[in-house]
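Heads up, query-v9.cif below (mmCIF, C-alpha atoms and all ligand atoms):
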data_model
#
loop_
_atom_site.label_atom_id
_atom_site.label_comp_id
_atom_site.auth_asym_id
_atom_site.auth_seq_id
_atom_site.Cartn_x
_atom_site.Cartn_y
_atom_site.Cartn_z
CA MET D 120 0.00 0.00 0.00
CA THR D 121 1.11 3.59 -0.66
CA ARG D 122 1.08 6.57 1.71
CA LEU D 123 -1.95 8.07 -0.03
CA GLY D 124 -3.79 4.75 -0.01
CA LEU D 125 -3.30 4.33 3.73
CA LEU D 126 -4.23 7.95 4.34
CA ARG D 127 -7.55 7.53 2.49
CA GLN D 128 -8.28 4.26 4.29
CA THR D 129 -7.54 5.81 7.71
CA ILE D 130 -9.70 8.89 7.02
CA ASP D 131 -12.52 6.61 5.94
CA ARG D 132 -12.27 4.44 9.05
CA LEU D 133 -12.17 7.42 11.41
CA THR D 134 -15.10 9.06 9.60
CA ARG D 135 -17.21 5.91 9.93
CA ALA D 136 -16.35 5.79 13.66
CA ALA D 137 -17.42 9.47 14.00
CA ALA D 138 -13.97 10.22 15.45
CA GLU D 139 -12.91 13.83 15.92
CA SER D 140 -11.39 15.61 12.85
CA PRO D 141 -10.81 12.44 10.77
CA ARG D 142 -8.62 14.05 8.07
CA SER D 143 -6.19 15.88 10.34
CA THR D 144 -6.10 12.97 12.81
CA ALA D 145 -5.23 10.55 9.99
CA GLN D 146 -2.53 12.91 8.69
CA TRP D 147 -0.90 13.17 12.12
CA LEU D 148 -1.05 9.41 12.70
CA LEU D 149 0.65 8.63 9.39
CA ALA D 150 3.20 11.41 9.67
CA GLU D 151 4.17 10.25 13.17
CA ALA D 152 4.31 6.57 12.17
CA LEU D 153 6.54 7.40 9.19
CA GLN D 154 8.46 10.16 11.00
CA VAL D 155 7.84 12.56 8.08
CA PRO D 156 6.18 16.00 7.85
CA PRO D 157 2.41 15.70 7.14
CA LEU D 158 2.83 17.58 3.82
CA SER D 159 4.99 14.79 2.42
CA LEU D 160 1.94 12.48 2.45
CA TYR D 161 0.75 14.60 -0.49
CA THR D 162 4.08 15.52 -2.11
CA GLU D 163 5.29 11.87 -2.10
CA PRO D 164 1.95 10.01 -2.19
CA ASP D 165 3.17 6.87 -3.95
CA GLU D 166 5.98 5.98 -1.54
CA PRO D 167 5.51 2.41 -0.28
CA LEU D 168 5.07 1.86 3.46
CA PRO D 169 7.28 -0.21 5.74
CA PRO D 170 5.27 -3.08 7.33
CA ASP D 171 5.84 -1.90 10.92
CA CYS D 172 4.32 1.46 9.94
CA LEU D 173 1.14 -0.23 8.74
CA ARG D 174 0.79 -2.10 12.04
CA ARG D 175 1.39 1.03 14.09
CA VAL D 176 -1.18 3.07 12.14
CA GLU D 177 -3.70 0.23 12.48
CA THR D 178 -3.31 0.16 16.30
CA TRP D 179 -3.40 3.94 16.67
CA THR D 180 -6.41 4.28 14.36
CA ALA D 181 -8.35 1.73 16.43
CA ARG D 182 -7.67 3.77 19.59
CA CYS D 183 -8.75 7.05 17.94
CA ALA D 184 -11.86 5.31 16.57
CA GLU D 185 -12.71 4.39 20.19
CA GLY D 186 -12.63 8.09 21.08
CA GLU D 187 -9.18 8.28 22.70
CA PRO D 188 -7.67 11.73 22.08
CA LEU D 189 -4.96 11.88 19.40
CA ALA D 190 -2.51 13.50 21.85
CA TYR D 191 -2.76 10.51 24.22
CA VAL D 192 -2.32 8.08 21.33
CA LEU D 193 0.81 9.91 20.12
CA GLY D 194 1.96 10.73 23.66
CA SER D 195 2.62 14.38 22.88
CA VAL D 196 1.04 17.64 21.80
CA GLU D 197 2.28 20.98 20.52
CA PHE D 198 1.90 24.05 22.73
CA ALA D 199 3.36 27.50 21.97
CA GLY D 200 5.54 26.03 19.23
CA GLN D 201 7.08 23.24 21.36
CA ARG D 202 6.14 19.58 21.84
CA PHE D 203 5.16 18.38 25.29
CA ARG D 204 4.72 14.87 26.59
CA VAL D 205 1.17 14.15 27.75
CA THR D 206 -0.42 11.07 29.30
CA PRO D 207 -3.94 10.31 30.56
CA ALA D 208 -2.73 11.72 33.92
CA THR D 209 -2.58 15.21 32.39
CA LEU D 210 -5.01 17.49 30.64
CA ILE D 211 -4.08 18.03 26.98
CA PRO D 212 -3.05 21.71 26.70
CA ARG D 213 -5.54 23.61 24.53
CA PRO D 214 -4.93 26.34 21.92
CA GLU D 215 -6.97 28.73 24.14
CA THR D 216 -4.33 28.34 26.83
CA GLU D 217 -1.72 29.73 24.43
CA LEU D 218 -3.56 33.04 24.92
CA LEU D 219 -2.90 32.77 28.67
CA TRP D 220 0.75 32.12 27.85
CA GLU D 221 0.91 35.18 25.54
CA VAL D 222 -0.75 37.40 28.16
CA ALA D 223 1.65 36.10 30.81
CA THR D 224 4.72 36.73 28.66
CA ARG D 225 3.60 40.34 28.08
CA LEU D 226 3.02 40.84 31.83
CA VAL D 227 6.42 39.39 32.66
CA GLU D 228 8.06 42.10 30.53
CA ILE D 229 6.49 44.92 32.56
CA LEU D 230 6.15 43.50 36.07
CA PRO D 231 8.81 44.20 38.71
CA PRO D 232 11.35 41.45 39.43
CA GLY D 233 10.09 38.36 41.22
CA PRO D 234 9.22 34.73 40.66
CA ILE D 235 6.32 33.34 38.62
CA LEU D 236 3.98 30.54 39.68
CA ASP D 237 1.80 28.34 37.44
CA VAL D 238 -0.86 26.74 39.67
CA GLY D 239 -2.31 23.45 38.36
CA THR D 240 0.51 22.99 35.90
CA GLY D 241 -0.59 19.58 34.56
CA CYS D 242 2.00 18.47 31.99
CA GLY D 243 3.88 21.72 32.68
CA ALA D 244 3.31 23.33 29.26
CA LEU D 245 2.69 26.83 30.66
CA ALA D 246 5.42 26.72 33.30
CA VAL D 247 8.01 25.31 30.88
CA SER D 248 7.11 27.83 28.14
CA LEU D 249 7.34 30.70 30.64
CA ALA D 250 10.67 29.46 32.02
CA ARG D 251 12.07 29.33 28.48
CA ARG D 252 10.74 32.79 27.62
CA ALA D 253 11.90 34.44 30.89
CA PRO D 254 15.28 32.87 31.74
CA GLY D 255 15.97 35.69 34.23
CA ARG D 256 13.02 34.74 36.44
CA HIS D 257 12.47 31.69 38.57
CA VAL D 258 9.30 29.84 37.57
CA TYR D 259 7.42 27.40 39.81
CA GLY D 260 4.83 24.92 38.61
CA SER D 261 2.55 23.22 41.11
CA ASP D 262 -0.16 20.59 40.98
CA ILE D 263 -2.18 18.60 43.47
CA ASP D 264 -1.73 15.44 41.40
CA PRO D 265 1.67 13.69 41.70
CA SER D 266 1.12 11.69 38.49
CA ALA D 267 0.67 14.93 36.50
CA LEU D 268 3.81 16.33 38.17
CA ALA D 269 5.78 13.25 37.07
CA VAL D 270 4.91 14.07 33.44
CA ALA D 271 5.74 17.76 33.98
CA GLU D 272 9.16 16.69 35.31
CA THR D 273 9.96 15.01 31.98
CA ASN D 274 8.92 18.15 30.07
CA ALA D 275 10.97 20.40 32.37
CA GLN D 276 14.28 18.61 31.96
CA GLY D 277 17.27 20.88 31.50
CA LEU D 278 15.57 24.05 32.75
CA ALA D 279 17.55 25.40 35.71
CA ASN D 280 15.03 28.22 36.40
CA LEU D 281 12.00 25.92 36.83
CA SER D 282 10.94 24.05 39.98
CA LEU D 283 7.95 21.75 40.26
CA TYR D 284 6.23 20.86 43.52
CA ARG D 285 3.04 19.39 44.92
CA ALA D 286 0.49 21.73 46.48
CA ASP D 287 -3.21 22.27 46.99
CA LEU D 288 -3.49 25.69 45.31
CA LEU D 289 -1.12 27.90 47.37
CA ARG D 290 -0.71 25.48 50.27
CA PRO D 291 2.22 25.32 50.60
CA MET D 292 3.80 28.30 48.81
CA PRO D 293 7.50 28.03 47.87
CA GLU D 294 8.04 31.84 48.10
CA ALA D 295 6.45 34.58 50.21
CA ALA D 296 5.25 36.44 47.12
CA PHE D 297 5.25 36.33 43.32
CA ALA D 298 5.38 38.90 40.57
CA LEU D 299 2.84 36.83 38.64
CA ILE D 300 0.59 33.85 39.30
CA VAL D 301 -1.02 32.16 36.29
CA ALA D 302 -3.56 29.37 36.44
CA ASN D 303 -5.69 27.31 34.14
CA LEU D 304 -7.61 25.53 36.87
CA PRO D 305 -10.59 23.22 36.33
CA TYR D 306 -13.62 25.42 35.54
CA ILE D 307 -16.32 23.13 34.16
CA PRO D 308 -19.39 22.90 36.41
CA THR D 309 -19.76 19.35 37.78
CA SER D 310 -23.23 19.01 36.24
CA ALA D 311 -21.82 19.68 32.72
CA LEU D 312 -19.10 17.00 32.88
CA ALA D 313 -21.38 14.20 31.64
CA GLN D 314 -22.20 16.19 28.48
CA LEU D 315 -18.57 16.68 27.44
CA PRO D 316 -17.53 15.09 24.12
CA LYS D 317 -16.31 11.48 24.32
CA ASN D 318 -12.66 12.39 23.76
CA VAL D 319 -12.68 14.97 26.60
CA GLN D 320 -14.13 12.32 28.94
CA HIS D 321 -10.78 10.49 28.62
CA GLU D 322 -9.08 13.40 30.42
CA PRO D 323 -8.65 13.38 34.22
CA ARG D 324 -11.74 14.51 36.10
CA LYS D 325 -9.50 16.33 38.58
CA ALA D 326 -8.33 18.52 35.67
CA LEU D 327 -11.87 19.43 34.57
CA ASP D 328 -14.25 19.53 37.55
CA GLY D 329 -14.70 23.08 38.81
CA GLY D 330 -17.40 22.25 41.38
CA PRO D 331 -21.07 23.31 41.40
CA ASP D 332 -20.66 26.60 39.48
CA GLY D 333 -17.24 25.86 37.95
CA LEU D 334 -15.57 28.50 40.10
CA LEU D 335 -14.78 26.51 43.24
CA LEU D 336 -11.01 26.40 42.73
CA ILE D 337 -10.69 29.77 41.00
CA ARG D 338 -12.54 31.45 43.90
CA SER D 339 -10.23 29.81 46.46
CA LEU D 340 -7.11 30.70 44.49
CA ILE D 341 -8.13 34.37 44.25
CA THR D 342 -8.67 34.51 48.03
CA GLN D 343 -5.33 32.80 48.72
CA ALA D 344 -3.40 34.89 46.15
CA ALA D 345 -4.57 38.28 47.45
CA GLY D 346 -1.59 40.20 48.83
CA ARG D 347 0.84 37.58 47.51
CA CYS D 348 1.27 38.61 43.87
CA ARG D 349 1.33 41.73 41.73
CA ALA D 350 -0.76 40.11 39.00
CA LEU D 351 -2.99 37.08 38.68
CA ALA D 352 -3.87 35.77 35.19
CA LEU D 353 -6.58 33.13 34.92
CA GLU D 354 -8.17 31.10 32.16
CA VAL D 355 -11.94 30.93 32.63
CA GLY D 356 -14.91 29.16 31.05
CA ASP D 357 -17.86 30.56 29.13
CA HIS D 358 -19.66 33.39 30.98
CA GLN D 359 -17.26 33.24 33.94
CA ALA D 360 -15.17 36.33 33.14
CA ASP D 361 -17.50 38.90 34.75
CA PRO D 362 -17.98 37.03 38.04
CA VAL D 363 -14.23 36.34 38.18
CA ARG D 364 -13.44 40.04 37.64
CA GLU D 365 -15.79 40.87 40.52
CA LEU D 366 -14.07 38.30 42.74
CA LEU D 367 -10.67 39.79 41.84
CA GLU D 368 -11.75 43.34 42.56
CA GLU D 369 -13.32 42.35 45.90
CA ALA D 370 -10.15 40.44 46.89
CA GLY D 371 -7.75 43.37 46.36
CA PHE D 372 -6.91 43.35 42.64
CA PRO D 373 -8.47 46.74 41.80
CA ARG D 374 -7.49 46.73 38.13
CA SER D 375 -8.96 43.83 36.18
CA ARG D 376 -9.57 43.12 32.50
CA SER D 377 -10.62 40.25 30.30
CA LEU D 378 -9.26 39.14 26.93
CA GLN D 379 -11.10 37.28 24.21
CA ASP D 380 -10.05 34.08 22.48
CA LEU D 381 -10.37 33.55 18.71
CA SER D 382 -14.02 32.56 19.06
CA GLY D 383 -14.78 35.91 20.74
CA MET D 384 -15.29 34.44 24.26
CA ASP D 385 -13.81 36.24 27.25
CA ARG D 386 -11.24 33.56 28.05
CA ILE D 387 -8.49 35.17 30.13
CA VAL D 388 -8.99 37.42 33.13
CA VAL D 389 -6.14 39.45 34.61
CA GLY D 390 -6.20 41.17 37.97
CA GLU D 391 -3.46 43.55 39.09
CA SER D 392 -2.78 44.84 42.59
CA ASP D 393 -1.25 48.19 43.45
CA GLY D 394 1.76 47.09 45.39
C1 LIG D 401 -7.38 22.36 33.47
S1 LIG D 401 -5.96 21.45 34.00
C2 LIG D 401 -4.69 22.54 33.38
C3 LIG D 401 -3.37 21.90 33.14
C4 LIG D 401 -2.35 22.83 32.48
N1 LIG D 401 -2.10 24.02 33.29
C5 LIG D 401 -2.83 23.24 31.10
O1 LIG D 401 -3.22 24.38 30.92
O2 LIG D 401 -2.81 22.40 30.20
C6 LIG D 401 -6.01 21.79 35.71
C7 LIG D 401 -4.91 21.22 36.57
O3 LIG D 401 -5.15 21.64 37.93
C8 LIG D 401 -4.83 20.60 38.80
N2 LIG D 401 -5.55 20.81 40.06
C9 LIG D 401 -6.83 20.47 40.36
N3 LIG D 401 -7.11 20.84 41.63
C10 LIG D 401 -6.00 21.44 42.14
C11 LIG D 401 -5.67 22.02 43.40
N4 LIG D 401 -6.56 22.08 44.40
N5 LIG D 401 -4.43 22.51 43.57
C12 LIG D 401 -3.51 22.46 42.55
N6 LIG D 401 -3.77 21.91 41.36
C13 LIG D 401 -5.00 21.41 41.15
C14 LIG D 401 -5.22 19.33 38.05
O4 LIG D 401 -4.54 18.21 38.56
C15 LIG D 401 -4.82 19.71 36.61
O5 LIG D 401 -3.52 19.29 36.32
#

I'd like the structure from this file rewritten - as structure tokens, please.
Amino acid sequence: MTRLGLLRQTIDRLTRAAAESPRSTAQWLLAEALQVPPLSLYTEPDEPLPPDCLRRVETWTARCAEGEPLAYVLGSVEFAGQRFRVTPATLIPRPETELLWEVATRLVEILPPGPILDVGTGCGALAVSLARRAPGRHVYGSDIDPSALAVAETNAQGLANLSLYRADLLRPMPEAAFALIVANLPYIPTSALAQLPKNVQHEPRKALDGGPDGLLLIRSLITQAAGRCRALALEVGDHQADPVRELLEEAGFPRSRSLQDLSGMDRIVVGESDG
């Protein structure tokens, strides 16, 4: 079989299984199995396939057809231009979270010196990307889940300005205060979890469940972070930006603003304190 033949067959199988994004999923599976750029599936369509590649694509396609997310099948995902290891112990970093990373990198340029903390770091994508972008600052990444931290450790290798540690929000805190705290905490209301698409249901519940109104953890973090950071940047769910801005202003972050993602939703909320 040729590359193009296998590509067509894989797209067809994933389409029949109602898997997510059959064409792009099939392209990534083949490109990864062959260790070639996805474009070469079209520029060199008649290349024959090594037998082990056929077997690998077959196994991976079956998993995707069952609804397992592509990133778990491949064991990695791209975030902010870099690849990060992910496992079912970690949430798969989303494109929306790249907006939080961009906002954080802009804040880091203007905030006074001081460390940065990424609360609920998961696979560490945000913390690692910030540590690479701001080598002059110490970055901490924390999570309540030790199995997520083990994955973050593998993504953080070689970064001297990044430390990972286990904590329940800010308990404990590795420093008295931070220039910036960022967090993409779980924000989906518990009652909405059962309606999430099949592939999202493969992700850890601890990474998704935001309690009765989705704001359980965000509310606690805002309370704990007051007086301990100059700026707090949070990713929020649909229709949560206004209540989160109110919480920030009540807690002692008098200047707050929200930023929209590409779909026009208020996705990131930033609160800044005066001192
Ligand atoms: C939505 S995921 C975000 C992961 C990563 N920051 C990202 O953007 O891809 C939320 C993370 O918060 C962690 N988490 C949940 N409750 C926590 C708590 N009380 N304290 C610290 N981390 C918590 C979960 O284990 C999970 O890794």

Q) What do you get as a ChimeraX atom specification if you pick all residues at most 7 Å from ligand LIG 401 (chain D), counting all atoms listed in the file? A) /D:209-213,216,238-245,261-264,267,286-288,302-305,325-327,336

Q | Long-range neighbours of D:Leu334 as a PyMOL selection string, 10 Å cut-off, all atoms listed in the file, 3 positions minimum in chain | A | chain D and resi 304-308+328-331+337-340+355-356+359+362-363

Selected residues written out with C-alpha atoms, as a PDB file, in the frame of the given file:
ATOM      1  CA  LEU D 304      -7.610  25.530  36.870  1.00  0.00           C
ATOM      2  CA  PRO D 305     -10.590  23.220  36.330  1.00  0.00           C
ATOM      3  CA  TYR D 306     -13.620  25.420  35.540  1.00  0.00           C
ATOM      4  CA  ILE D 307     -16.320  23.130  34.160  1.00  0.00           C
ATOM      5  CA  PRO D 308     -19.390  22.900  36.410  1.00  0.00           C
ATOM      6  CA  ASP D 328     -14.250  19.530  37.550  1.00  0.00           C
ATOM      7  CA  GLY D 329     -14.700  23.080  38.810  1.00  0.00           C
ATOM      8  CA  GLY D 330     -17.400  22.250  41.380  1.00  0.00           C
ATOM      9  CA  PRO D 331     -21.070  23.310  41.400  1.00  0.00           C
ATOM     10  CA  ILE D 337     -10.690  29.770  41.000  1.00  0.00           C
ATOM     11  CA  ARG D 338     -12.540  31.450  43.900  1.00  0.00           C
ATOM     12  CA  SER D 339     -10.230  29.810  46.460  1.00  0.00           C
ATOM     13  CA  LEU D 340      -7.110  30.700  44.490  1.00  0.00           C
ATOM     14  CA  VAL D 355     -11.940  30.930  32.630  1.00  0.00           C
ATOM     15  CA  GLY D 356     -14.910  29.160  31.050  1.00  0.00           C
ATOM     16  CA  GLN D 359     -17.260  33.240  33.940  1.00  0.00           C
ATOM     17  CA  PRO D 362     -17.980  37.030  38.040  1.00  0.00           C
ATOM     18  CA  VAL D 363     -14.230  36.340  38.180  1.00  0.00           C
TER      19      VAL D 363
END

Q: May I ask which of the residues D:Leu226, D:Leu189, D:Cys348, D:Ala313 is the closest one to D:Pro141, counting only C-alpha atoms?
A: D:Leu189

Q.
Please list as a ChimeraX atom specification every residue within 8 Å of D:Leu283, counting all atoms listed in the file and excluding residues in the same chain fewer than 3 positions away.
A. /D:259-261,268,271-272

Q) Between D:Met120, D:Ala269, D:Leu351, D:Ile341, which one has atoms that come closest to D:Leu173, using only C-alpha atoms? A) D:Met120
